[in-house]
file my_file26.tsv (TSV, C-alpha atoms)
chain	number	residue	atom	x	y	z
E	1	MET	CA	150.60	-126.89	-40.66
E	2	GLN	CA	149.69	-123.24	-40.44
E	3	ARG	CA	146.68	-122.37	-38.31
E	4	VAL	CA	145.10	-118.95	-38.59
E	5	THR	CA	142.50	-117.40	-36.32
E	6	ASN	CA	140.56	-114.26	-37.10
E	7	CYS	CA	137.40	-112.44	-36.07
E	8	ILE	CA	134.50	-110.70	-37.79
E	9	LEU	CA	133.88	-107.75	-35.49
E	10	LEU	CA	130.50	-106.05	-35.96
E	11	ASN	CA	129.62	-102.53	-34.95
E	12	GLU	CA	126.05	-101.65	-35.99
E	13	ASP	CA	125.99	-102.27	-39.77
E	14	LYS	CA	129.74	-102.33	-40.22
E	15	VAL	CA	132.55	-104.85	-40.06
E	16	LEU	CA	136.18	-104.02	-39.32
E	17	LEU	CA	138.39	-105.20	-42.17
E	18	LEU	CA	142.04	-104.97	-43.02
E	19	LYS	CA	143.01	-103.77	-46.50
E	20	LYS	CA	146.25	-105.53	-47.32
E	21	PRO	CA	148.77	-103.63	-49.41
E	22	ARG	CA	149.91	-106.45	-51.72
E	23	ARG	CA	146.73	-106.89	-53.77
E	24	GLY	CA	144.49	-104.27	-52.16
E	25	TRP	CA	142.30	-107.14	-50.93
E	26	TYR	CA	140.25	-106.84	-47.79
E	27	ALA	CA	140.74	-109.49	-45.12
E	28	ILE	CA	139.38	-110.36	-41.71
E	29	PRO	CA	141.88	-109.19	-39.04
E	30	GLY	CA	143.77	-112.04	-37.41
E	31	GLY	CA	146.92	-114.09	-37.72
E	32	LYS	CA	148.83	-117.22	-36.91
E	33	MET	CA	148.26	-119.32	-33.81
E	34	GLU	CA	151.18	-119.73	-31.46
E	35	GLN	CA	152.25	-123.01	-29.91
E	36	GLY	CA	149.96	-124.22	-27.13
E	37	GLU	CA	147.31	-121.51	-27.53
E	38	THR	CA	143.63	-122.29	-27.66
E	39	ILE	CA	142.01	-120.99	-30.83
E	40	LYS	CA	140.10	-118.40	-28.80
E	41	GLU	CA	143.23	-117.14	-27.03
E	42	SER	CA	144.89	-116.80	-30.42
E	43	ALA	CA	141.95	-114.89	-31.94
E	44	VAL	CA	141.85	-112.40	-29.04
E	45	ARG	CA	145.65	-111.91	-29.01
E	46	GLU	CA	145.95	-111.49	-32.77
E	47	TYR	CA	143.04	-109.06	-32.88
E	48	GLN	CA	144.56	-106.98	-30.15
E	49	GLU	CA	147.95	-106.95	-31.86
E	50	GLU	CA	146.53	-105.81	-35.19
E	51	THR	CA	143.80	-103.41	-34.11
E	52	GLU	CA	144.48	-102.58	-30.43
E	53	LEU	CA	140.87	-103.59	-29.75
E	54	GLU	CA	140.00	-106.19	-27.16
E	55	LEU	CA	137.23	-108.55	-28.23
E	56	THR	CA	134.47	-109.19	-25.70
E	57	ASP	CA	133.12	-112.74	-25.79
E	58	PRO	CA	133.98	-113.75	-29.35
E	59	GLU	CA	132.14	-116.87	-30.52
E	60	LEU	CA	133.36	-119.38	-33.03
E	61	GLY	CA	131.61	-118.87	-36.39
E	62	GLY	CA	133.37	-121.27	-38.74
E	63	ILE	CA	136.25	-123.69	-39.21
E	64	PHE	CA	137.82	-123.98	-42.63
E	65	THR	CA	140.35	-126.20	-44.36
E	66	PHE	CA	142.44	-124.70	-47.17
E	67	LEU	CA	144.37	-126.56	-49.83
E	68	ILE	CA	146.80	-124.66	-52.04
E	69	TYR	CA	147.53	-126.21	-55.42
E	70	SER	CA	150.47	-125.72	-57.74
E	71	GLY	CA	149.04	-127.28	-60.90
E	72	ARG	CA	147.63	-130.60	-59.70
E	73	THR	CA	149.91	-130.87	-56.71
E	74	ILE	CA	148.84	-129.85	-53.22
E	75	VAL	CA	151.66	-127.68	-51.92
E	76	GLN	CA	150.12	-126.48	-48.68
E	77	GLU	CA	147.26	-127.23	-46.29
E	78	TRP	CA	146.20	-124.87	-43.54
E	79	MET	CA	143.27	-124.22	-41.27
E	80	MET	CA	141.35	-121.07	-40.38
E	81	PHE	CA	139.17	-120.52	-37.30
E	82	THR	CA	136.85	-117.54	-37.75
E	83	PHE	CA	135.21	-115.96	-34.72
E	84	PHE	CA	132.31	-113.56	-34.60
E	85	CYS	CA	131.99	-110.72	-32.12
E	86	ARG	CA	129.69	-107.76	-31.46
E	87	SER	CA	131.45	-106.02	-28.64
E	88	PHE	CA	134.90	-104.69	-27.87
E	89	THR	CA	136.85	-102.31	-25.69
E	90	GLY	CA	139.71	-100.00	-26.60
E	91	LYS	CA	140.38	-97.50	-29.34
E	92	LEU	CA	141.17	-98.55	-32.89
E	93	ALA	CA	144.87	-98.45	-33.76
E	94	GLY	CA	145.89	-95.45	-35.84
E	95	TYR	CA	148.48	-97.60	-37.55
E	96	CYS	CA	148.63	-101.30	-38.40
E	97	ARG	CA	151.77	-102.80	-39.93
E	98	GLU	CA	149.68	-105.34	-41.89
E	99	GLY	CA	147.61	-102.78	-43.84
E	100	GLU	CA	144.77	-100.27	-43.45
E	101	LEU	CA	142.01	-100.92	-40.95
E	102	GLU	CA	138.61	-99.84	-42.20
E	103	TRP	CA	135.01	-100.13	-41.00
E	104	VAL	CA	133.09	-101.45	-44.01
E	105	THR	CA	129.31	-101.74	-44.49
E	106	PHE	CA	127.70	-105.16	-45.06
E	107	ASP	CA	126.63	-104.04	-48.53
E	108	ALA	CA	130.19	-103.14	-49.51
E	109	ILE	CA	131.38	-106.68	-48.75
E	110	ARG	CA	129.61	-107.92	-51.90
E	111	THR	CA	131.84	-105.83	-54.14
E	112	LEU	CA	135.10	-105.12	-52.31
E	113	PRO	CA	138.19	-106.92	-53.61
E	114	MET	CA	138.86	-109.98	-51.44
E	115	ALA	CA	139.58	-113.69	-51.70
E	116	GLU	CA	136.45	-115.27	-53.22
E	117	GLY	CA	136.31	-117.82	-50.43
E	118	ASP	CA	136.25	-115.05	-47.82
E	119	ARG	CA	133.25	-113.50	-49.58
E	120	LYS	CA	131.42	-116.85	-49.36
E	121	ILE	CA	132.28	-117.06	-45.67
E	122	PHE	CA	130.80	-113.60	-45.13
E	123	GLU	CA	127.65	-114.55	-47.05
E	124	HIS	CA	127.06	-117.27	-44.48
E	125	LEU	CA	128.40	-115.84	-41.26
E	126	LEU	CA	126.65	-112.47	-41.49
E	127	VAL	CA	123.31	-114.19	-41.95
E	128	SER	CA	123.30	-117.47	-40.06
E	129	ASN	CA	124.15	-118.35	-36.49
E	130	LYS	CA	124.95	-121.97	-37.27
E	131	THR	CA	128.59	-123.09	-37.09
E	132	LEU	CA	129.96	-123.18	-40.62
E	133	TYR	CA	132.35	-125.90	-41.85
E	134	GLY	CA	134.19	-125.47	-45.11
E	135	SER	CA	136.98	-126.61	-47.37
E	136	PHE	CA	138.52	-124.36	-50.04
E	137	SER	CA	141.00	-125.15	-52.80
E	138	TYR	CA	143.05	-122.27	-54.17
E	139	THR	CA	145.84	-121.81	-56.66
E	140	GLU	CA	149.09	-120.32	-55.39
E	141	ASP	CA	147.88	-116.97	-56.84
E	142	TYR	CA	144.83	-117.26	-54.65
E	143	ASN	CA	142.29	-118.00	-57.34
E	144	LEU	CA	139.48	-120.13	-55.93
E	145	ILE	CA	139.40	-123.52	-57.68
E	146	ASN	CA	136.50	-125.04	-55.77
E	147	TYR	CA	134.93	-125.14	-52.34
E	148	ARG	CA	132.23	-126.74	-50.27
E	149	LEU	CA	130.41	-125.38	-47.26
E	150	ASP	CA	128.20	-127.03	-44.65
E	151	PRO	CA	125.48	-125.78	-44.39
E	152	SER	CA	125.71	-125.34	-48.17
E	153	SER	CA	123.51	-122.25	-48.25
E	154	PRO	CA	123.06	-119.52	-45.64
E	155	CYS	CA	120.28	-120.38	-43.19
E	156	ARG	CA	118.19	-117.27	-43.68
E	157	GLY	CA	115.35	-118.81	-41.73
E	158	GLU	CA	117.41	-118.48	-38.57
E	159	MET	CA	118.24	-115.46	-36.53
E	160	TYR	CA	119.72	-112.72	-38.66
E	161	ARG	CA	123.10	-112.66	-37.03
E	162	ALA	CA	124.22	-109.26	-38.19
E	163	LYS	CA	121.11	-107.45	-37.01
I	1	MET	CA	150.56	-131.30	-37.25
I	2	GLN	CA	148.18	-134.08	-36.35
I	3	ARG	CA	144.49	-133.20	-36.25
I	4	VAL	CA	142.03	-135.55	-34.62
I	5	THR	CA	138.25	-135.43	-34.77
I	6	ASN	CA	135.94	-137.44	-32.55
I	7	CYS	CA	132.37	-137.47	-31.31
I	8	ILE	CA	130.57	-137.96	-28.01
I	9	LEU	CA	127.50	-139.94	-29.08
I	10	LEU	CA	124.68	-139.99	-26.53
I	11	ASN	CA	121.92	-142.52	-26.29
I	12	GLU	CA	119.66	-141.85	-23.32
I	13	ASP	CA	122.02	-141.86	-20.31
I	14	LYS	CA	124.90	-143.56	-22.09
I	15	VAL	CA	127.88	-142.57	-24.21
I	16	LEU	CA	129.59	-144.83	-26.73
I	17	LEU	CA	133.27	-145.20	-25.85
I	18	LEU	CA	136.17	-147.17	-27.19
I	19	LYS	CA	138.29	-149.18	-24.76
I	20	LYS	CA	141.77	-149.20	-26.20
I	21	PRO	CA	143.86	-152.32	-25.65
I	22	ARG	CA	147.22	-150.68	-24.84
I	23	ARG	CA	146.38	-149.18	-21.44
I	24	GLY	CA	142.75	-150.25	-21.10
I	25	TRP	CA	141.82	-146.56	-21.26
I	26	TYR	CA	138.48	-145.43	-22.61
I	27	ALA	CA	138.48	-142.92	-25.45
I	28	ILE	CA	136.00	-141.03	-27.57
I	29	PRO	CA	135.69	-142.79	-30.96
I	30	GLY	CA	137.34	-140.88	-33.80
I	31	GLY	CA	140.60	-140.53	-35.63
I	32	LYS	CA	142.86	-138.48	-37.85
I	33	MET	CA	141.67	-135.92	-40.34
I	34	GLU	CA	142.53	-136.50	-43.97
I	35	GLN	CA	143.86	-133.86	-46.31
I	36	GLY	CA	141.24	-131.35	-47.44
I	37	GLU	CA	138.43	-132.64	-45.22
I	38	THR	CA	136.31	-130.31	-43.14
I	39	ILE	CA	136.40	-131.21	-39.46
I	40	LYS	CA	132.77	-132.34	-39.63
I	41	GLU	CA	133.37	-134.59	-42.65
I	42	SER	CA	136.28	-136.12	-40.78
I	43	ALA	CA	134.25	-136.72	-37.61
I	44	VAL	CA	131.43	-138.44	-39.52
I	45	ARG	CA	133.81	-140.57	-41.62
I	46	GLU	CA	135.97	-141.62	-38.68
I	47	TYR	CA	132.94	-142.49	-36.57
I	48	GLN	CA	131.49	-144.60	-39.34
I	49	GLU	CA	134.79	-146.41	-39.88
I	50	GLU	CA	135.21	-147.27	-36.21
I	51	THR	CA	131.63	-147.98	-35.17
I	52	GLU	CA	129.64	-148.47	-38.42
I	53	LEU	CA	127.20	-145.88	-37.05
I	54	GLU	CA	126.30	-142.80	-39.06
I	55	LEU	CA	126.06	-139.65	-36.98
I	56	THR	CA	123.01	-137.45	-37.56
I	57	ASP	CA	123.72	-133.74	-37.24
I	58	PRO	CA	126.79	-133.78	-35.01
I	59	GLU	CA	127.57	-130.38	-33.50
I	60	LEU	CA	130.97	-129.08	-32.52
I	61	GLY	CA	131.43	-129.24	-28.75
I	62	GLY	CA	135.05	-128.28	-28.20
I	63	ILE	CA	138.39	-127.51	-29.81
I	64	PHE	CA	141.55	-128.47	-27.99
I	65	THR	CA	145.27	-127.92	-28.36
I	66	PHE	CA	147.65	-130.58	-27.03
I	67	LEU	CA	151.32	-130.20	-26.25
I	68	ILE	CA	153.41	-133.29	-25.56
I	69	TYR	CA	156.52	-132.76	-23.45
I	70	SER	CA	159.65	-134.85	-23.18
I	71	GLY	CA	161.16	-133.32	-20.05
I	72	ARG	CA	160.99	-129.58	-20.72
I	73	THR	CA	160.98	-129.92	-24.49
I	74	ILE	CA	157.80	-129.82	-26.53
I	75	VAL	CA	158.05	-132.79	-28.87
I	76	GLN	CA	154.59	-132.67	-30.43
I	77	GLU	CA	151.61	-130.38	-30.84
I	78	TRP	CA	148.26	-131.56	-32.12
I	79	MET	CA	144.64	-130.49	-32.20
I	80	MET	CA	141.40	-132.26	-31.36
I	81	PHE	CA	137.92	-131.33	-32.53
I	82	THR	CA	135.23	-132.97	-30.41
I	83	PHE	CA	131.67	-133.18	-31.69
I	84	PHE	CA	128.52	-133.98	-29.79
I	85	CYS	CA	125.61	-135.96	-31.19
I	86	ARG	CA	122.33	-137.43	-29.97
I	87	SER	CA	121.15	-139.32	-32.99
I	88	PHE	CA	122.52	-141.93	-35.35
I	89	THR	CA	121.54	-144.56	-37.88
I	90	GLY	CA	123.00	-148.03	-38.43
I	91	LYS	CA	123.91	-150.96	-36.21
I	92	LEU	CA	126.94	-150.92	-33.94
I	93	ALA	CA	129.94	-152.78	-35.32
I	94	GLY	CA	130.47	-156.21	-33.79
I	95	TYR	CA	134.21	-155.73	-34.17
I	96	CYS	CA	136.45	-152.66	-34.12
I	97	ARG	CA	140.16	-152.98	-34.88
I	98	GLU	CA	140.96	-150.10	-32.49
I	99	GLY	CA	139.49	-151.72	-29.36
I	100	GLU	CA	136.19	-152.61	-27.69
I	101	LEU	CA	133.16	-150.41	-28.25
I	102	GLU	CA	131.04	-150.04	-25.12
I	103	TRP	CA	128.00	-147.98	-24.10
I	104	VAL	CA	128.96	-146.40	-20.79
I	105	THR	CA	126.75	-144.53	-18.29
I	106	PHE	CA	127.51	-140.90	-17.45
I	107	ASP	CA	128.23	-141.93	-13.88
I	108	ALA	CA	130.85	-144.45	-14.95
I	109	ILE	CA	132.82	-141.75	-16.79
I	110	ARG	CA	133.94	-140.34	-13.42
I	111	THR	CA	135.81	-143.51	-12.55
I	112	LEU	CA	136.71	-145.33	-15.79
I	113	PRO	CA	140.39	-145.32	-16.74
I	114	MET	CA	141.00	-142.60	-19.34
I	115	ALA	CA	143.29	-139.67	-20.08
I	116	GLU	CA	142.72	-137.11	-17.32
I	117	GLY	CA	142.17	-134.39	-19.90
I	118	ASP	CA	139.41	-136.41	-21.54
I	119	ARG	CA	137.64	-136.69	-18.19
I	120	LYS	CA	137.76	-132.89	-17.83
I	121	ILE	CA	136.35	-132.54	-21.34
I	122	PHE	CA	133.47	-134.85	-20.40
I	123	GLU	CA	132.83	-132.88	-17.20
I	124	HIS	CA	132.16	-129.84	-19.35
I	125	LEU	CA	130.62	-131.21	-22.52
I	126	LEU	CA	128.05	-133.44	-20.82
I	127	VAL	CA	126.75	-130.49	-18.81
I	128	SER	CA	127.14	-127.31	-20.85
I	129	ASN	CA	126.10	-126.37	-24.37
I	130	LYS	CA	128.72	-123.67	-24.72
I	131	THR	CA	131.62	-124.29	-27.10
I	132	LEU	CA	134.63	-125.35	-25.04
I	133	TYR	CA	138.19	-124.21	-25.79
I	134	GLY	CA	141.12	-125.90	-24.15
I	135	SER	CA	144.83	-126.48	-24.06
I	136	PHE	CA	146.41	-129.55	-22.43
I	137	SER	CA	150.03	-130.38	-21.73
I	138	TYR	CA	150.95	-134.04	-21.35
I	139	THR	CA	154.08	-136.08	-20.84
I	140	GLU	CA	154.93	-138.66	-23.48
I	141	ASP	CA	153.44	-141.28	-21.12
I	142	TYR	CA	150.21	-139.33	-21.20
I	143	ASN	CA	150.32	-137.94	-17.71
I	144	LEU	CA	148.52	-134.60	-17.57
I	145	ILE	CA	150.98	-131.83	-16.61
I	146	ASN	CA	148.56	-128.90	-16.75
I	147	TYR	CA	145.57	-127.61	-18.66
I	148	ARG	CA	143.25	-124.68	-19.04
I	149	LEU	CA	139.66	-124.62	-20.23
I	150	ASP	CA	137.39	-121.78	-21.35
I	151	PRO	CA	134.84	-121.63	-19.85
I	152	SER	CA	136.93	-122.68	-16.85
I	153	SER	CA	134.09	-124.43	-15.06
I	154	PRO	CA	131.07	-126.25	-16.49
I	155	CYS	CA	128.13	-123.87	-17.05
I	156	ARG	CA	125.58	-125.76	-15.01
I	157	GLY	CA	123.18	-122.83	-15.22
I	158	GLU	CA	122.68	-123.55	-18.88
I	159	MET	CA	120.74	-126.31	-20.56
I	160	TYR	CA	121.75	-129.70	-19.25
I	161	ARG	CA	123.13	-131.00	-22.49
I	162	ALA	CA	123.04	-134.66	-21.69
I	163	LYS	CA	119.40	-134.67	-20.63
call {"tool": "encode", "arguments": {"input": "my_file26.tsv", "output": "structure tokens"}}
result
Amino acid sequence: MQRVTNCILLNEDKVLLLKKPRRGWYAIPGGKMEQGETIKESAVREYQEETELELTDPELGGIFTFLIYSGRTIVQEWMMFTFFCRSFTGKLAGYCREGELEWVTFDAIRTLPMAEGDRKIFEHLLVSNKTLYGSFSYTEDYNLINYRLDPSSPCRGEMYRAK
Amino acid sequence: MQRVTNCILLNEDKVLLLKKPRRGWYAIPGGKMEQGETIKESAVREYQEETELELTDPELGGIFTFLIYSGRTIVQEWMMFTFFCRSFTGKLAGYCREGELEWVTFDAIRTLPMAEGDRKIFEHLLVSNKTLYGSFSYTEDYNLINYRLDPSSPCRGEMYRAK
């Protein structure tokens, strides 16, 4: 089973995203866990490898289960651990082999091309400070079939996380 | 990859544990995730199946990576998601097919037979309210070879979780 860790890094009103060349979709920087790592070790290592930035005190924001369907058959299941961070050291990489790194405003996230499930994750994690649990079903072409999130709607009554 | 969810349920100064027949070791009630579940759905379902109690608002306490060694070879890797909960509904099962359910005092946890890694997890999770990340290496006989935890020592300065 593939396990992916990534991190939403905030800097004032912007988030660092990775524009991937294949579809031009924006993604949260991160990558695959290695054997024996904790999820936090993996998130910090992967972030450093992709961006050359070192995360300071990332906190777990959400844990997600993904099912990939080919027709009615589940062909893959994987998990994603998404951290949240407001502080970093280092200078952003001039080049990233995975795609283009770009600081993006919160407003732009509503309209940028990305996996629909990722947009839903942003809707929650930029607003609420409650741990988010989710399960997403996608086609092999990465069309979102269905999903559920807990809490089911962003907790706007709580601290505005991305302030 | 096996994924296990479980929950430390508190009731005043006691924790509900499961005494497993094989070694007589005490364990945190829980079990294997099913395909497509969120980790929280799995924790609630597994707890209900083993104890007949329904957890109210369990919160994630820690995420752990386990490596099992046969000599110098890694023969298994699995993950454990441990929740924490103070409130439940329902009546404790009179019978559990996995072992004996027992309310145990915090003090007893120091000396009861259990996996050494589980004892370390308790040392942290009963005291600190910070999410705990860990990686444990065990032999196939479940002797702890080494481990690391983040934070590395319980944050006693913070809220005493098990108050």
call {"tool": "closest_atom_pairs", "arguments": {"input": "my_file26.tsv", "of": "chain E", "to": "chain I", "cutoff": "7 Å", "atoms": "only C-alpha atoms", "output": "tab-separated table"}}
result
residue	atom	partner	partner_atom	distance
E:Met1	CA	I:Met1	CA	5.6
E:Gly36	CA	I:Thr65	CA	6.1
E:Glu37	CA	I:Ser135	CA	6.5
E:Thr38	CA	I:Gly134	CA	5.6
E:Lys40	CA	I:Tyr133	CA	6.8
E:Phe64	CA	I:Thr38	CA	6.5
E:Thr65	CA	I:Thr38	CA	5.9
E:Phe66	CA	I:Gly36	CA	6.8
E:Leu67	CA	I:Gly36	CA	6.2
E:Tyr133	CA	I:Thr38	CA	6.1
E:Gly134	CA	I:Thr38	CA	5.6
E:Ser135	CA	I:Thr38	CA	5.7
call {"tool": "atom_distance", "arguments": {"input": "my_file26.tsv", "atom1": "atom CA of Asn6 of chain I", "atom2": "atom CA of Leu144 of chain I"}}
result
19.8 Å
call {"tool": "residues_around", "arguments": {"input": "my_file26.tsv", "residues": "Glu98 of chain I", "least_positions_apart": "5", "cutoff": "12 Å", "atoms": "all atoms listed in the file", "output": "PyMOL selection string"}}
result
chain I and resi 17-22+24-31+46-47+49-51+93
call {"tool": "residues_around", "arguments": {"input": "my_file26.tsv", "residues": "segment 102-113 of chain E", "least_positions_apart": "2", "cutoff": "10 Å", "atoms": "all atoms listed in the file", "output": "number ranges by chain"}}
result
E: 9-19, 23-27, 92, 99-100, 115-116, 118-120, 122-123, 126, 162
